[in-house]
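Student: Right, I'll just put the structure down here and ask away after.
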Amino acid sequence: MRKTLLEKKAYVKRTLSLFILIFCSIVTSQAQSKEITVMVSPDKADCLYTENEPCTFTIRVFKAQNELKDVTVDYELGPIEYPAEKKTNQPLKNGKLEVKGRMSVPGFLRCKVTAHVNGRDYSGLATVGYAPEKIKPVTDMPKDFKTYWDSTLDKARQTELNPTMVLLPERCTDKVNVYHVSFQNVRPGSRTYGILCIPKKEGKYPALLRVPGAGIRPYNGDVYTASQGAITLEIGIHGIPVTMTQSFYNNLFNGALKNYWQINNTDRDAFYYNRVIAGCIRAVDFLCSLEQFDNKTLGVAGSSQGGALSVITAALDKRVTFYAPLMPGMCDHLAYLEKRAGGWPHYLSQSTEVKEAVKNVCKYYDVVNFAKFLTVPGWFSWGYNDETCPPTSMQAAYNTITSPKELHIYPQDGHFWYDEQAEEWSNWIWKQLNIN
């Protein structure tokens, strides 16, 4: 069934609220409108440069879309998180300041600006790529990487799925049945929960697994895609029901699961993401067990943390036929050891004491290493101004992939997405599912 443009736009808007994977603090800071805008503009629209090619950033400050003349700014210029040049109280001459820079090696050059206006500070930034296709990861692969994950998943599958499916009548539509589901993952009693949407019309359907970004929240499920003719499963990763109130999850996020991404990160087997990754693969097991699944097409998609889990799931399970990560986290953790920005959650960043155990464990949970086992088509997208998942880290992982892949860059994008980007993402997924 073909969707009208209005239907697609409506879906994009719903998708933005349902699947965006950004920390609450980042969402708040990005969502607030401010009267003052700091514009940092590189001299090439595509933001791409060759090694040693000069780049000029033009800094301007606007109030109500009018350029301000008498403003001072501070700026930092250099590789992401490692600025080589810092200047303070620089005046704008005739409303602008030009800052020149270049890089002699592949990477990303960032100009980050703070403007001082009427006693308040306002920020802006721009990032450009220098031969990003040549960026190589720092993280190396442990010799037993593949055997470790094969044995981990084999052990997990010794536990029966023992699934539960509870119909949610209030969420069902005339075309879709919606269920709150759960299934066991790594051991008896340890369960993964999610929202399953199945078309009511009898038949066999492709399936889409949606994996979540960082945080703890309830989920609604992807009812719209299911209404177009696909089974969808949106999972949580924390082993708790996904139909509770937000306040319930807030208490966990600030309590027992605070900074969950760091829990047991010195122990390869007990690390929080061990169970999470196994849960994603068991979610594929669950989808493949459904009688309505066509046993042909199964995709996985997510952003940020979910972008990482999309790559990981597709790499570990050959039943996955496509994957679509947006701004994936968990890429090239060890880059910091060579003074280059690594991916979220920044286990080895400048402000973190480098522990040998953490460094060793990170290698088993790095998208860079999983990416080398990908064999199916993938669609990627991110922005150069992302401060949560630096483009350096994502590009390093992307460059290792040898299977079919697409990269769609939105240079000014940070750790959020534009409507056009979300629509492009969704359209690619629908095309793989053969429902558009």
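Going through the structure tokens in order, the chains are called A, B, and so on, while each chain numbers its residues from 1 and the ligands are numbered from 1 in the order shown.
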Please build the interface table for stretch 246-360 of chain A against stretch 199-202 of chain A with a cut-off of 12 Å, listing for each qualifying residue the nearest atom pair and the distance in Å to one decimal; count only C-alpha atoms, order rows by chain and increasing number, and write it as a tab-separated table.
Tutor:
residue	atom	partner	partner_atom	distance
A:Glu291	CA	A:Glu202	CA	10.4
A:Gln292	CA	A:Glu202	CA	7.9
A:Phe293	CA	A:Pro199	CA	10.7
A:Asp294	CA	A:Glu202	CA	11.9
Student: Fewer than 6 positions away in the same chain doesn't count, so skip those; otherwise give me all residues within 10 Å of A:Trp430, counting only C-alpha atoms, as a PyMOL selection string.
Tutor: chain A and resi 208+225+228-230+424+436
Student: Extract the full set of strand (DSSP E) residues from stretch 94-193 of chain A according to DSSP on the backbone, and format it as JSON, numbers by chain.
Tutor: {"A": [97, 98, 99, 100, 101, 107, 108, 109, 110, 111, 112, 113, 114, 115, 116, 117, 120, 121, 122, 123, 124, 125, 126, 127, 128, 129, 130, 164, 165, 166, 167, 176, 177, 178, 179, 180, 181, 182, 183, 184, 191, 192, 193]}
Student: Find the residues around stretch 127-133 of chain A up to 7 Å (only C-alpha atoms counted), leave out those fewer than 6 positions away in its own chain, and share them as a list in words.
Tutor: Cys47, Leu48, Tyr49, Thr50, Glu51, Met103, Pro106, Gly107, Phe108, Leu109, Arg110, Cys111, Tyr384, Asn385, Gln395 and Asn399 of chain A
Student: Have a look at A:Val38, A:Ala396, A:Val358, A:Cys55 and name the one nearest to A:Ile263; count only C-alpha atoms.
Tutor: A:Val358
Student: Mind pulling up the distance from atom CA of A:Tyr347 to atom CA of A:Asp413?
Tutor: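 Atom-to-atom, atom CA of A:Asp413 and atom CA of A:Tyr347 are spaced 23.7 Å apart.
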Student: So that I can see what lies close to A:Gly236, please list as a PDB file with N, CA, C and O atoms, in the first residue's frame the residues with an atom at most 7 Å from it, counting only C-alpha atoms and leaving out residues fewer than 2 positions away in the same chain.
Tutor:
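Saved the output as out.pdb:
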ATOM      1  N   THR A 192      13.560  -9.672  28.763  1.00  0.00           N
ATOM      2  CA  THR A 192      13.520  -8.476  27.930  1.00  0.00           C
ATOM      3  C   THR A 192      12.055  -8.171  27.641  1.00  0.00           C
ATOM      4  O   THR A 192      11.285  -9.077  27.319  1.00  0.00           O
ATOM      5  N   TYR A 193      11.682  -6.899  27.763  1.00  0.00           N
ATOM      6  CA  TYR A 193      10.296  -6.480  27.547  1.00  0.00           C
ATOM      7  C   TYR A 193      10.206  -5.569  26.323  1.00  0.00           C
ATOM      8  O   TYR A 193      11.169  -4.886  25.970  1.00  0.00           O
ATOM      9  N   GLY A 194       9.034  -5.557  25.701  1.00  0.00           N
ATOM     10  CA  GLY A 194       8.859  -4.695  24.546  1.00  0.00           C
ATOM     11  C   GLY A 194       7.408  -4.576  24.134  1.00  0.00           C
ATOM     12  O   GLY A 194       6.512  -5.167  24.754  1.00  0.00           O
ATOM     13  N   PRO A 212      16.564   0.610  21.482  1.00  0.00           N
ATOM     14  CA  PRO A 212      16.424   1.938  22.088  1.00  0.00           C
ATOM     15  C   PRO A 212      17.724   2.694  22.291  1.00  0.00           C
ATOM     16  O   PRO A 212      18.804   2.117  22.407  1.00  0.00           O
ATOM     17  N   HIS A 238      16.322  -2.846  29.900  1.00  0.00           N
ATOM     18  CA  HIS A 238      16.635  -2.869  31.325  1.00  0.00           C
ATOM     19  C   HIS A 238      15.967  -3.993  32.115  1.00  0.00           C
ATOM     20  O   HIS A 238      16.069  -4.038  33.334  1.00  0.00           O
ATOM     21  N   VAL A 242       7.714  -2.124  30.016  1.00  0.00           N
ATOM     22  CA  VAL A 242       7.872  -0.857  29.301  1.00  0.00           C
ATOM     23  C   VAL A 242       6.557  -0.093  29.193  1.00  0.00           C
ATOM     24  O   VAL A 242       6.379   0.766  28.331  1.00  0.00           O
TER      25      VAL A 242
END
Student: One number please: atom CA of A:Leu326 to atom CA of A:Val367, in Å, one decimal.
Tutor: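 Separation between atom CA of A:Leu326 and atom CA of A:Val367: 13.1 Å.
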Student: State, in Å with one decimal place, the distance from atom CA of A:Ala301 to atom CA of A:Lys143.
Tutor: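 Atom-to-atom, atom CA of A:Ala301 and atom CA of A:Lys143 are spaced 28.5 Å apart.
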Student: Near A:Thr245, counting only C-alpha atoms, which residues have an atom at most 12 Å away, once you skip same-chain residues fewer than 2 positions from it, shown as JSON, numbers by chain?
Tutor: {"A": [216, 217, 218, 219, 220, 241, 242, 243, 247, 248, 249, 250, 251, 252]}
Student: Which residues, written as a list in words, have at least one atom at most 9 Å from A:Met394, with only C-alpha atoms counted and residues fewer than 2 positions away on the same chain left out?
Tutor: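 So the residues in contact are Met327, Pro328, Gly329, Met330, Cys331, Asp332, Gly342, Gly343, Val367, Val368, Trp382, Cys389, Pro390, Pro391, Thr392, Ala396, Ala397, Tyr398 and Asn399 of chain A.
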Student: Would you write out those residues with all heavy atoms, as a compact mmCIF listing (two decimals), in the first residue's frame?
Tutor:
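Output file out_6.txt follows:
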# COMPACT_ATOMS: atom_id res chain seq x y z
N MET A 327 23.29 8.07 13.97
CA MET A 327 24.27 8.59 14.94
C MET A 327 24.68 7.55 15.99
O MET A 327 24.48 7.74 17.19
CB MET A 327 23.77 9.86 15.61
CG MET A 327 22.39 9.79 16.23
SD MET A 327 21.81 11.44 16.69
CE MET A 327 20.17 11.03 17.30
N PRO A 328 25.27 6.43 15.57
CA PRO A 328 25.56 5.34 16.51
C PRO A 328 26.61 5.70 17.56
O PRO A 328 27.63 6.32 17.27
CB PRO A 328 26.08 4.22 15.59
CG PRO A 328 26.61 4.94 14.39
CD PRO A 328 25.70 6.12 14.20
N GLY A 329 26.33 5.29 18.79
CA GLY A 329 27.30 5.44 19.87
C GLY A 329 28.20 4.23 19.95
O GLY A 329 28.21 3.36 19.07
N MET A 330 29.03 4.18 20.99
CA MET A 330 29.87 3.02 21.30
C MET A 330 30.86 2.69 20.19
O MET A 330 31.18 1.54 19.93
CB MET A 330 28.98 1.81 21.63
CG MET A 330 28.02 2.06 22.78
SD MET A 330 26.84 0.72 23.09
CE MET A 330 27.95 -0.55 23.73
N CYS A 331 31.37 3.73 19.53
CA CYS A 331 32.31 3.53 18.42
C CYS A 331 33.72 3.98 18.82
O CYS A 331 33.90 5.11 19.28
CB CYS A 331 31.88 4.33 17.19
SG CYS A 331 30.32 3.83 16.45
N ASP A 332 34.69 3.13 18.59
CA ASP A 332 36.11 3.46 18.75
C ASP A 332 36.42 4.03 20.14
O ASP A 332 36.99 5.11 20.29
CB ASP A 332 36.57 4.42 17.66
CG ASP A 332 38.06 4.27 17.35
OD1 ASP A 332 38.66 3.26 17.75
OD2 ASP A 332 38.62 5.18 16.70
N GLY A 342 36.65 9.66 21.13
CA GLY A 342 35.99 8.37 21.01
C GLY A 342 34.49 8.53 21.18
O GLY A 342 33.97 9.62 21.44
N GLY A 343 33.78 7.42 21.06
CA GLY A 343 32.32 7.48 21.09
C GLY A 343 31.72 7.44 22.48
O GLY A 343 32.38 7.11 23.46
N VAL A 367 31.63 -0.94 18.55
CA VAL A 367 31.00 -1.09 17.23
C VAL A 367 32.05 -1.33 16.14
O VAL A 367 31.79 -2.04 15.16
CB VAL A 367 30.14 0.15 16.92
CG1 VAL A 367 29.73 0.18 15.45
CG2 VAL A 367 28.90 0.17 17.80
N VAL A 368 33.23 -0.75 16.31
CA VAL A 368 34.31 -0.96 15.34
C VAL A 368 34.55 -2.44 15.08
O VAL A 368 34.69 -2.87 13.93
CB VAL A 368 35.61 -0.29 15.83
CG1 VAL A 368 36.83 -0.84 15.11
CG2 VAL A 368 35.53 1.23 15.65
N TRP A 382 24.48 10.81 10.21
CA TRP A 382 24.84 11.58 11.41
C TRP A 382 25.22 12.99 10.99
O TRP A 382 25.27 13.32 9.81
CB TRP A 382 25.97 10.93 12.17
CG TRP A 382 27.27 10.72 11.44
CD1 TRP A 382 28.18 11.67 11.06
CD2 TRP A 382 27.80 9.47 11.00
NE1 TRP A 382 29.23 11.09 10.42
CE2 TRP A 382 29.04 9.74 10.37
CE3 TRP A 382 27.38 8.14 11.09
CZ2 TRP A 382 29.84 8.74 9.82
CZ3 TRP A 382 28.17 7.14 10.55
CH2 TRP A 382 29.38 7.44 9.93
N CYS A 389 28.05 11.83 20.26
CA CYS A 389 28.70 10.78 19.47
C CYS A 389 29.56 11.48 18.41
O CYS A 389 29.07 11.80 17.32
CB CYS A 389 27.67 9.88 18.80
SG CYS A 389 26.65 8.95 19.96
N PRO A 390 30.82 11.78 18.72
CA PRO A 390 31.66 12.54 17.79
C PRO A 390 31.75 11.86 16.42
O PRO A 390 31.86 10.64 16.34
CB PRO A 390 33.02 12.56 18.49
CG PRO A 390 32.72 12.36 19.94
CD PRO A 390 31.54 11.44 19.96
N PRO A 391 31.69 12.65 15.34
CA PRO A 391 31.74 12.05 14.01
C PRO A 391 33.02 11.27 13.76
O PRO A 391 33.03 10.32 12.97
CB PRO A 391 31.63 13.27 13.07
CG PRO A 391 32.02 14.45 13.91
CD PRO A 391 31.57 14.12 15.29
N THR A 392 34.11 11.64 14.45
CA THR A 392 35.36 10.90 14.30
C THR A 392 35.16 9.43 14.65
O THR A 392 35.64 8.54 13.96
CB THR A 392 36.44 11.50 15.24
OG1 THR A 392 36.42 12.91 15.12
CG2 THR A 392 37.81 10.96 14.90
N ALA A 396 35.10 6.24 11.96
CA ALA A 396 36.09 5.18 12.12
C ALA A 396 35.44 3.81 12.01
O ALA A 396 35.98 2.89 11.39
CB ALA A 396 36.80 5.33 13.45
N ALA A 397 34.27 3.67 12.63
CA ALA A 397 33.56 2.39 12.55
C ALA A 397 33.02 2.16 11.14
O ALA A 397 33.15 1.05 10.58
CB ALA A 397 32.42 2.37 13.56
N TYR A 398 32.44 3.18 10.55
CA TYR A 398 31.86 3.05 9.21
C TYR A 398 32.92 2.63 8.19
O TYR A 398 32.65 1.80 7.30
CB TYR A 398 31.23 4.39 8.80
CG TYR A 398 30.58 4.38 7.45
CD1 TYR A 398 29.28 3.90 7.29
CD2 TYR A 398 31.26 4.85 6.32
CE1 TYR A 398 28.67 3.90 6.03
CE2 TYR A 398 30.66 4.85 5.07
CZ TYR A 398 29.36 4.36 4.93
OH TYR A 398 28.76 4.35 3.69
N ASN A 399 34.10 3.17 8.32
CA ASN A 399 35.16 2.90 7.34
C ASN A 399 35.64 1.45 7.36
O ASN A 399 36.29 1.00 6.40
CB ASN A 399 36.35 3.83 7.56
CG ASN A 399 36.04 5.27 7.17
OD1 ASN A 399 35.03 5.56 6.53
ND2 ASN A 399 36.91 6.19 7.55
